[in-house]
file my_file_15.txt (compact mmCIF, C-alpha atoms)
# COMPACT_ATOMS: atom_id res chain seq x y z
CA MET A 6 -72.29 15.25 -62.77
CA PRO A 7 -74.93 14.03 -60.28
CA LYS A 8 -76.92 16.66 -58.40
CA ASP A 9 -75.54 15.66 -55.03
CA PRO A 10 -72.25 13.78 -55.47
CA ALA A 11 -71.52 14.00 -51.76
CA ALA A 12 -74.59 11.92 -50.94
CA ARG A 13 -73.70 9.40 -53.61
CA TYR A 14 -70.21 9.14 -52.24
CA TYR A 15 -71.50 8.49 -48.77
CA ALA A 16 -73.87 5.78 -49.98
CA ALA A 17 -71.18 4.09 -52.06
CA GLY A 18 -68.54 4.40 -49.37
CA ARG A 19 -70.77 3.06 -46.64
CA GLY A 20 -71.81 0.14 -48.82
CA ALA A 21 -68.21 -0.72 -49.66
CA ALA A 22 -67.20 -0.50 -46.02
CA GLU A 23 -70.01 -2.78 -44.87
CA HIS A 24 -69.20 -5.22 -47.65
CA ALA A 25 -65.60 -5.37 -46.46
CA GLY A 26 -66.74 -5.80 -42.90
CA ALA A 27 -64.77 -2.79 -41.79
CA GLY A 28 -67.66 -0.90 -40.23
CA VAL A 29 -68.18 2.82 -40.48
CA ARG A 30 -68.08 3.75 -36.80
CA GLY A 31 -64.49 3.63 -35.74
CA PRO A 32 -61.35 1.91 -36.93
CA GLN A 33 -60.86 -1.79 -36.61
CA ARG A 34 -57.88 -2.55 -34.43
CA SER A 35 -57.68 -6.27 -34.87
CA LYS A 36 -54.43 -7.30 -36.48
CA ALA A 37 -56.08 -10.33 -37.99
CA ARG A 38 -58.75 -8.17 -39.60
CA ILE A 39 -56.17 -5.73 -40.89
CA LYS A 40 -54.20 -8.54 -42.46
CA ARG A 41 -57.36 -9.99 -44.00
CA CYS A 42 -58.27 -6.62 -45.48
CA VAL A 43 -54.73 -6.21 -46.77
CA TRP A 44 -54.93 -9.48 -48.59
CA ILE A 45 -58.30 -8.52 -50.07
CA LEU A 46 -56.90 -5.20 -51.20
CA ALA A 47 -53.79 -6.89 -52.50
CA LEU A 48 -55.83 -8.39 -55.29
CA THR A 49 -55.94 -5.04 -57.01
CA PRO A 50 -55.51 -4.72 -60.75
CA ARG A 51 -52.30 -2.76 -60.34
CA ALA A 52 -50.42 -5.22 -58.16
CA MET A 53 -51.04 -8.33 -60.18
CA PRO A 54 -49.38 -7.28 -63.47
CA LEU A 55 -46.35 -6.09 -61.55
CA THR A 56 -45.84 -9.42 -59.87
CA GLY A 57 -46.72 -11.55 -62.87
CA GLY A 58 -45.00 -9.26 -65.32
CA SER A 59 -41.66 -9.31 -63.58
CA LYS A 60 -41.73 -13.10 -63.43
CA ALA A 61 -42.59 -13.27 -67.13
CA LEU A 62 -39.82 -10.88 -68.10
CA ARG A 63 -37.29 -12.79 -66.07
CA ALA A 64 -38.41 -15.97 -67.78
CA LEU A 65 -37.73 -14.23 -71.09
CA GLY A 66 -34.22 -13.47 -69.97
CA MET A 67 -34.64 -9.75 -69.31
CA LYS A 68 -32.28 -8.95 -66.48
CA ASN A 69 -33.13 -5.26 -66.02
CA ALA A 70 -36.60 -3.78 -66.19
CA ILE A 71 -39.12 -1.38 -64.71
CA LEU A 72 -42.77 -2.31 -64.86
CA ASN A 73 -45.30 0.49 -64.55
CA ALA A 74 -48.90 -0.36 -63.75
CA GLY A 75 -50.83 2.87 -63.42
CA GLY A 76 -48.06 4.61 -61.52
CA ASP A 77 -47.14 1.67 -59.31
CA LEU A 78 -43.70 0.42 -60.20
CA ARG A 79 -41.64 -2.68 -59.82
CA ALA A 80 -37.98 -2.55 -60.71
CA TYR A 81 -35.33 -5.17 -60.83
CA GLY A 82 -31.78 -5.15 -62.06
CA ARG A 83 -30.10 -1.84 -62.75
CA ARG A 84 -29.88 0.86 -65.36
CA GLY A 85 -26.42 0.19 -66.62
CA VAL A 86 -24.02 0.92 -63.82
CA ARG A 87 -26.47 2.67 -61.51
CA PRO A 88 -29.72 1.77 -59.74
CA TRP A 89 -33.09 2.79 -61.13
CA HIS A 90 -33.93 6.38 -60.21
CA ILE A 91 -37.61 6.77 -59.41
CA GLY A 92 -39.43 10.07 -58.93
CA ILE A 93 -42.46 10.48 -56.68
CA ARG A 94 -45.03 12.80 -58.17
CA HIS A 95 -45.86 16.01 -56.33
CA PRO A 96 -49.47 15.69 -55.17
CA ARG A 97 -50.35 19.33 -55.79
CA ALA A 98 -47.92 20.60 -58.44
CA PRO A 99 -46.32 19.45 -61.67
CA GLY A 100 -43.18 17.39 -61.38
CA VAL A 101 -41.82 15.36 -58.53
CA PHE A 102 -41.16 16.27 -54.93
CA ALA A 103 -38.96 13.35 -53.97
CA SER A 104 -37.04 10.53 -55.51
CA VAL A 105 -35.45 7.30 -54.50
CA GLU A 106 -33.04 4.84 -55.98
CA ILE A 107 -34.57 1.42 -56.20
CA GLU A 108 -32.31 -1.43 -55.28
CA THR A 109 -32.53 -4.81 -56.87
CA ASP A 110 -36.06 -6.15 -57.07
CA GLU A 111 -38.24 -3.67 -55.19
CA SER A 112 -41.65 -2.16 -55.74
CA ILE A 113 -42.64 1.43 -55.08
CA LEU A 114 -46.33 2.01 -54.80
CA THR A 115 -48.24 5.24 -54.33
CA SER A 116 -51.82 6.08 -53.56
CA GLY A 117 -53.14 9.61 -53.76
CA ASP A 118 -56.15 11.82 -54.22
CA TYR A 119 -54.99 13.56 -57.39
CA GLU A 120 -55.47 11.06 -60.19
CA ARG A 121 -59.22 10.46 -60.11
CA PHE A 122 -61.27 13.24 -58.59
CA PHE A 123 -63.63 16.11 -59.19
CA ILE A 124 -64.26 19.33 -57.29
CA TYR A 125 -67.74 20.02 -55.95
CA ASN A 126 -68.53 22.96 -53.69
CA ARG A 127 -64.79 23.56 -53.35
CA LYS A 128 -64.26 20.05 -51.99
CA ARG A 129 -62.22 17.37 -53.69
CA TYR A 130 -64.06 14.10 -54.23
CA HIS A 131 -61.65 11.34 -55.10
CA HIS A 132 -61.64 7.59 -55.31
CA VAL A 133 -60.16 6.59 -51.93
CA ILE A 134 -62.98 6.22 -49.43
CA ASP A 135 -62.54 6.27 -45.66
CA PRO A 136 -64.70 3.37 -44.41
CA ARG A 137 -65.12 5.14 -41.06
CA THR A 138 -66.95 8.05 -42.65
CA GLY A 139 -68.09 6.88 -46.05
CA TYR A 140 -66.47 9.96 -47.59
CA PRO A 141 -63.21 10.48 -49.46
CA VAL A 142 -60.09 10.60 -47.32
CA ARG A 143 -59.51 14.15 -46.10
CA LYS A 144 -56.52 14.13 -43.75
CA ALA A 145 -53.89 12.86 -46.17
CA ILE A 146 -53.28 13.41 -49.85
CA CYS A 147 -50.76 10.76 -50.81
CA ALA A 148 -48.88 7.79 -49.41
CA THR A 149 -45.95 5.85 -50.81
CA VAL A 150 -44.69 2.44 -49.78
CA ILE A 151 -41.55 0.62 -50.86
CA HIS A 152 -41.63 -3.11 -50.44
CA ARG A 153 -40.05 -6.14 -52.02
CA SER A 154 -43.50 -7.48 -52.90
CA ALA A 155 -45.82 -5.44 -55.12
CA ALA A 156 -48.82 -7.42 -53.89
CA VAL A 157 -48.05 -6.56 -50.28
CA GLY A 158 -47.07 -2.95 -50.91
CA ASP A 159 -50.02 -1.83 -53.02
CA ALA A 160 -52.68 -2.31 -50.37
CA PRO A 161 -50.73 -0.64 -47.53
CA ALA A 162 -50.19 2.50 -49.59
CA THR A 163 -53.94 2.99 -49.81
CA ALA A 164 -54.46 1.85 -46.22
CA LEU A 165 -51.93 4.39 -44.92
CA LEU A 166 -53.66 7.10 -46.92
CA VAL A 167 -56.94 6.19 -45.21
CA ALA A 168 -55.30 5.98 -41.79
CA GLY A 169 -54.03 9.54 -42.14
CA PRO A 170 -51.35 11.36 -40.16
CA ASP A 171 -52.72 10.25 -36.78
CA HIS A 172 -52.73 6.51 -37.33
CA TRP A 173 -50.39 5.74 -40.24
CA GLU A 174 -47.45 4.77 -38.07
CA ALA A 175 -49.39 2.27 -36.04
CA LEU A 176 -50.93 0.79 -39.14
CA ALA A 177 -47.56 0.56 -40.90
CA GLN A 178 -46.20 -1.26 -37.88
CA ALA A 179 -49.15 -3.67 -37.83
CA MET A 180 -48.63 -4.45 -41.51
CA GLY A 181 -44.87 -4.81 -41.23
CA ILE A 182 -44.18 -1.89 -43.56
CA LYS A 183 -40.82 -0.30 -42.80
CA GLN A 184 -40.44 2.09 -45.71
CA ALA A 185 -43.37 4.45 -46.05
CA MET A 186 -44.14 8.11 -46.52
CA LEU A 187 -47.32 10.09 -46.07
CA VAL A 188 -48.17 13.63 -47.09
CA ASP A 189 -50.94 15.09 -44.95
CA ALA A 190 -53.54 17.61 -46.01
CA ALA A 191 -51.40 20.48 -44.70
CA GLY A 192 -48.52 19.41 -46.90
CA ASN A 193 -46.36 17.99 -44.11
CA ILE A 194 -44.29 15.00 -45.13
CA HIS A 195 -44.19 12.10 -42.69
CA VAL A 196 -41.60 9.46 -43.38
CA THR A 197 -40.30 6.38 -41.63
CA SER A 198 -36.67 6.44 -40.57
CA LYS A 199 -35.86 3.52 -42.84
CA LEU A 200 -37.10 5.37 -45.91
CA ARG A 201 -35.65 8.66 -44.70
CA GLU A 202 -32.19 7.13 -45.01
CA ARG A 203 -32.52 6.75 -48.77
CA ILE A 204 -35.13 9.23 -50.01
CA ARG A 205 -34.08 12.49 -51.61
CA PHE A 206 -36.41 15.47 -51.42
CA HIS A 207 -36.64 17.95 -54.27
CA VAL A 208 -38.73 20.46 -52.35
CA ASP A 209 -37.37 22.82 -49.76
CA PRO A 210 -37.26 20.59 -46.69
CA GLY A 211 -37.77 23.54 -44.38
CA ARG A 212 -40.60 22.75 -42.04
CA SER A 213 -42.41 20.46 -44.43
CA ILE A 214 -40.71 17.23 -43.39
CA VAL A 215 -42.00 15.85 -40.15
CA LYS A 216 -39.66 13.37 -38.56
CA ARG A 217 -42.21 11.19 -36.91
CA ALA A 218 -40.30 8.14 -37.81
CA LEU A 219 -40.86 4.70 -36.42
CA THR A 220 -38.38 3.73 -33.76
CA ASP A 221 -36.69 0.36 -33.75
CA ASP A 222 -39.01 -0.77 -30.97
CA GLU A 223 -42.05 0.33 -32.90
CA ARG A 224 -40.86 -1.44 -36.01
CA GLY A 225 -40.46 -4.60 -34.01
CA MET B 17 -10.92 51.04 -84.22
CA THR B 18 -12.86 52.78 -81.51
CA SER B 19 -13.96 51.28 -78.22
CA ALA B 20 -17.52 51.15 -79.57
CA ASP B 21 -16.31 49.12 -82.54
CA LYS B 22 -14.57 46.69 -80.20
CA THR B 23 -17.70 46.36 -78.12
CA VAL B 24 -19.81 45.58 -81.18
CA LEU B 25 -17.22 43.06 -82.36
CA ILE B 26 -17.13 41.29 -79.01
CA LEU B 27 -20.90 41.14 -78.83
CA ALA B 28 -21.07 39.75 -82.36
CA LEU B 29 -18.55 37.04 -81.56
CA ALA B 30 -20.42 36.16 -78.39
CA LEU B 31 -23.67 35.96 -80.34
CA ILE B 32 -22.09 33.64 -82.90
CA ALA B 33 -20.85 31.37 -80.13
CA VAL B 34 -24.29 31.24 -78.49
CA LEU B 35 -26.06 30.56 -81.78
CA TYR B 36 -23.56 27.87 -82.69
CA ALA B 37 -24.06 26.15 -79.35
CA HIS B 38 -27.81 26.41 -79.71
CA PHE B 39 -28.21 25.19 -83.29
CA TRP B 40 -25.18 23.04 -84.03
CA ALA B 41 -24.39 21.40 -80.74
CA PRO B 42 -24.67 17.60 -80.75
CA ALA B 43 -28.23 16.49 -80.09
CA PRO B 44 -28.87 14.79 -76.75
CA VAL B 45 -28.64 11.05 -76.92
CA ALA B 46 -31.64 8.98 -75.95
CA GLU B 47 -30.99 6.55 -73.14
CA SER B 48 -34.11 4.44 -73.11
CA ALA B 49 -37.44 3.76 -74.75
CA ARG B 50 -40.81 3.24 -73.14
CA VAL B 51 -42.86 0.59 -74.89
CA SER B 52 -46.58 0.74 -74.27
CA SER B 53 -48.71 -2.22 -75.23
CA ALA B 54 -52.47 -2.25 -74.88
CA GLY B 55 -53.54 -3.58 -71.51
CA LYS B 56 -50.03 -4.29 -70.25
CA PRO B 57 -47.59 -2.44 -68.00
CA ASP B 58 -45.13 -0.16 -69.75
CA LEU B 59 -41.79 -1.72 -70.54
CA TRP B 60 -38.62 0.37 -70.31
CA LEU B 61 -35.79 -0.69 -72.57
CA ALA B 62 -32.25 0.64 -72.30
CA LEU B 63 -30.87 1.62 -75.71
CA GLY B 64 -27.27 0.92 -74.80
CA ALA B 65 -27.21 -2.70 -75.90
CA ASP B 66 -28.12 -3.93 -79.38
CA ARG B 67 -30.82 -6.58 -79.38
CA GLU B 68 -34.26 -7.57 -80.59
CA VAL B 69 -37.31 -7.53 -78.36
CA VAL B 70 -40.62 -9.20 -79.09
CA ILE B 71 -43.75 -7.60 -77.66
CA GLU B 72 -46.98 -9.57 -77.57
CA SER B 73 -49.93 -7.32 -78.25
CA VAL B 74 -53.46 -7.20 -79.63
CA LEU B 75 -52.93 -8.71 -83.05
CA GLY B 76 -49.79 -10.70 -82.38
CA PRO B 77 -46.07 -10.32 -81.80
CA THR B 78 -44.29 -7.09 -82.67
CA ASP B 79 -40.54 -7.18 -83.23
CA LEU B 80 -38.53 -4.20 -82.04
CA GLU B 81 -34.89 -3.76 -82.95
CA ILE B 82 -32.43 -1.80 -80.83
CA GLN B 83 -29.21 -0.91 -82.62
CA ASP B 84 -26.65 1.86 -82.20
CA GLY B 85 -28.75 3.62 -79.59
CA ARG B 86 -31.83 3.63 -81.79
CA ILE B 87 -35.03 1.63 -81.67
CA ARG B 88 -37.34 0.77 -84.55
CA PHE B 89 -40.23 -1.46 -85.42
CA ARG B 90 -38.76 -4.36 -87.32
CA CYS B 91 -41.89 -6.35 -87.90
CA ALA B 92 -45.53 -6.01 -86.84
CA PRO B 93 -48.55 -8.05 -87.93
CA CYS B 94 -50.85 -5.18 -88.76
CA LEU B 95 -52.18 -1.86 -87.50
CA PRO B 96 -53.51 -1.03 -85.02
CA ASN B 97 -51.53 -3.44 -82.90
CA GLY B 98 -51.66 -1.22 -79.82
CA VAL B 99 -47.88 -0.94 -79.44
CA ALA B 100 -46.31 2.50 -78.99
CA VAL B 101 -42.65 3.35 -78.50
CA GLN B 102 -41.49 6.55 -76.85
CA VAL B 103 -37.80 7.39 -76.98
CA VAL B 104 -36.73 9.06 -73.76
CA GLY B 105 -33.62 11.10 -73.13
CA LYS B 106 -32.10 12.52 -70.00
CA GLY B 107 -34.90 15.09 -69.67
CA THR B 108 -36.32 14.50 -66.20
CA GLY B 109 -33.44 12.55 -64.76
CA PHE B 110 -35.85 9.89 -63.60
CA ASP B 111 -36.31 6.45 -65.04
CA ALA B 112 -39.95 6.40 -63.99
CA ILE B 113 -42.38 8.31 -61.80
CA THR B 114 -44.77 6.81 -59.30
CA PHE B 115 -48.13 8.50 -58.74
call {"tool": "encode", "arguments": {"input": "my_file_15.txt", "output": "structure tokens"}}
result
Amino acid sequence: MPKDPAARYYAAGRGAAEHAGAGVRGPQRSKARIKRCVWILALTPRAMPLTGGSKALRALGMKNAILNAGGDLRAYGRRGVRPWHIGIRHPRAPGVFASVEIETDESILTSGDYERFFIYNRKRYHHVIDPRTGYPVRKAICATVIHRSAAVGDAPATALLVAGPDHWEALAQAMGIKQAMLVDAAGNIHVTSKLRERIRFHVDPGRSIVKRALTDDERG
Amino acid sequence: MTSADKTVLILALALIAVLYAHFWAPAPVAESARVSSAGKPDLWLALGADREVVIESVLGPTDLEIQDGRIRFRCAPCLPNGVAVQVVGKGTGFDAITF
């Protein structure tokens, strides 16, 4: 482990942010820039095999399948007489904390801080960098997006994680994402109304689910 | 027969029933298999329908056969071909987990 991983993170994060043209002093609010960044991020290694793989399997005559690319999933068809039943991993405990039934031909994509990280001075250093600070995202711990296109859904999941609980709704609206969920650093679950209609929580809902759902007007 | 004898007899019968259920009950039936191939997304195959599936992997095509709820390697070019099959039952209740 490097002597000062925090400094290395900052240098790497700042460099990546400048390379992407996002800047490190405040969020970019331009829709055009957001869309451009989304398309850049969409070319991630996890989205491409999902899109190409499903086409290839269909060409082979497979009518029902789930493709799993590093935890990002694309499902089409059904499992016998029922839809595919997908669990969403708990970000801080073994098992899942929610699940959803995937309808025909949908992708469910998750980005979180728990797969690639290390702890240094009691702080978690993970692989999702906030371009505004150059440091790992702190305000949210996982985000999930359901979308018909894996290429479109993969980037927003990470983008919503970076946006955090204060800005995720606006960003989801700008990107046209209607089904999304975010877990903030305090463990509160934020979910859009569209996804809330179909998601099933396996944790005690209690006070942990925050209904800050997008309204119809907000969704556009 | 005293009441103590009856109690012992009932407990013994109950124990036999529990042990029978534990050791001789029908084994759970696998529903699907997860096929991992080097460098490719996992492929989930339902075991309900008999068929053959060809997986392209490192050294060439691997033939998998699904029959009577079971899956087996029918033909593979050589080892290591990077193909792994995991038979999955009802355990978690989920077909896949996103993370």
call {"tool": "interface_residues", "arguments": {"input": "my_file_15.txt", "of": "chain B", "to": "chain A", "cutoff": "10 Å", "atoms": "only C-alpha atoms", "output": "ChimeraX atom specification"}}
result
/B:47-48,50,52,55-62,64-65,69-70,108-115
call {"tool": "write_last_selection", "arguments": {"input": "my_file_15.txt", "atoms": "C-alpha atoms", "output": "short mmCIF file (atom, residue, chain, number, x, y, z; two decimals), in the coordinates of the input"}}
result
data_model
loop_
_atom_site.label_atom_id
_atom_site.label_comp_id
_atom_site.auth_asym_id
_atom_site.auth_seq_id
_atom_site.Cartn_x
_atom_site.Cartn_y
_atom_site.Cartn_z
CA GLU B 47 -30.99 6.55 -73.14
CA SER B 48 -34.11 4.44 -73.11
CA ARG B 50 -40.81 3.24 -73.14
CA SER B 52 -46.58 0.74 -74.27
CA GLY B 55 -53.54 -3.58 -71.51
CA LYS B 56 -50.03 -4.29 -70.25
CA PRO B 57 -47.59 -2.44 -68.00
CA ASP B 58 -45.13 -0.16 -69.75
CA LEU B 59 -41.79 -1.72 -70.54
CA TRP B 60 -38.62 0.37 -70.31
CA LEU B 61 -35.79 -0.69 -72.57
CA ALA B 62 -32.25 0.64 -72.30
CA GLY B 64 -27.27 0.92 -74.80
CA ALA B 65 -27.21 -2.70 -75.90
CA VAL B 69 -37.31 -7.53 -78.36
CA VAL B 70 -40.62 -9.20 -79.09
CA THR B 108 -36.32 14.50 -66.20
CA GLY B 109 -33.44 12.55 -64.76
CA PHE B 110 -35.85 9.89 -63.60
CA ASP B 111 -36.31 6.45 -65.04
CA ALA B 112 -39.95 6.40 -63.99
CA ILE B 113 -42.38 8.31 -61.80
CA THR B 114 -44.77 6.81 -59.30
CA PHE B 115 -48.13 8.50 -58.74
#
call {"tool": "atom_distance", "arguments": {"input": "my_file_15.txt", "atom1": "atom CA of A:Arg203", "atom2": "atom CA of A:Ile151"}}
result
11.1 Å
call {"tool": "atom_distance", "arguments": {"input": "my_file_15.txt", "atom1": "atom CA of B:Ser53", "atom2": "atom CA of B:Gly98"}}
result
5.5 Å
call {"tool": "atom_distance", "arguments": {"input": "my_file_15.txt", "atom1": "atom CA of A:Val167", "atom2": "atom CA of A:Ile134"}}
result
7.4 Å
call {"tool": "axis_aligned_box", "arguments": {"input": "my_file_15.txt", "around": "stretch 68-81 of chain B", "padding_each_side": "4 Å", "output": "lines of an AutoDock Vina configuration file"}}
result
center_x = -43.9
center_y = -7.2
center_z = -80.4
size_x = 27.2
size_y = 14.9
size_z = 13.7
call {"tool": "residues_near_point", "arguments": {"input": "my_file_15.txt", "point": "(-44.8, -7.8, -84.8)", "cutoff": "6 Å", "atoms": "only C-alpha atoms", "output": "NGL selection string"}}
result
:B and (77-79 or 91-93)
call {"tool": "closest_residue", "arguments": {"input": "my_file_15.txt", "among": "A:Ala64, A:Ile124, A:Ile146, A:Ala191", "to": "A:Ala168", "atoms": "only C-alpha atoms"}}
result
A:Ile146
call {"tool": "residues_around", "arguments": {"input": "my_file_15.txt", "residues": "A:Gly169", "least_positions_apart": "4", "cutoff": "9 Å", "atoms": "only C-alpha atoms", "output": "PyMOL selection string"}}
result
chain A and resi 142-146+164-165+173+187-190
call {"tool": "closest_residue", "arguments": {"input": "my_file_15.txt", "among": "B:Ile71, B:Arg88, B:Val103, B:Ala30", "to": "B:Ala54", "atoms": "all atoms listed in the file"}}
result
B:Ile71
call {"tool": "residues_around", "arguments": {"input": "my_file_15.txt", "residues": "A:Asp110", "least_positions_apart": "5", "cutoff": "8 Å", "atoms": "all atoms listed in the file", "output": "list of chain:residue names"}}
result
A:Arg79, A:Ala80, A:Tyr81, A:Gly82, A:Arg153
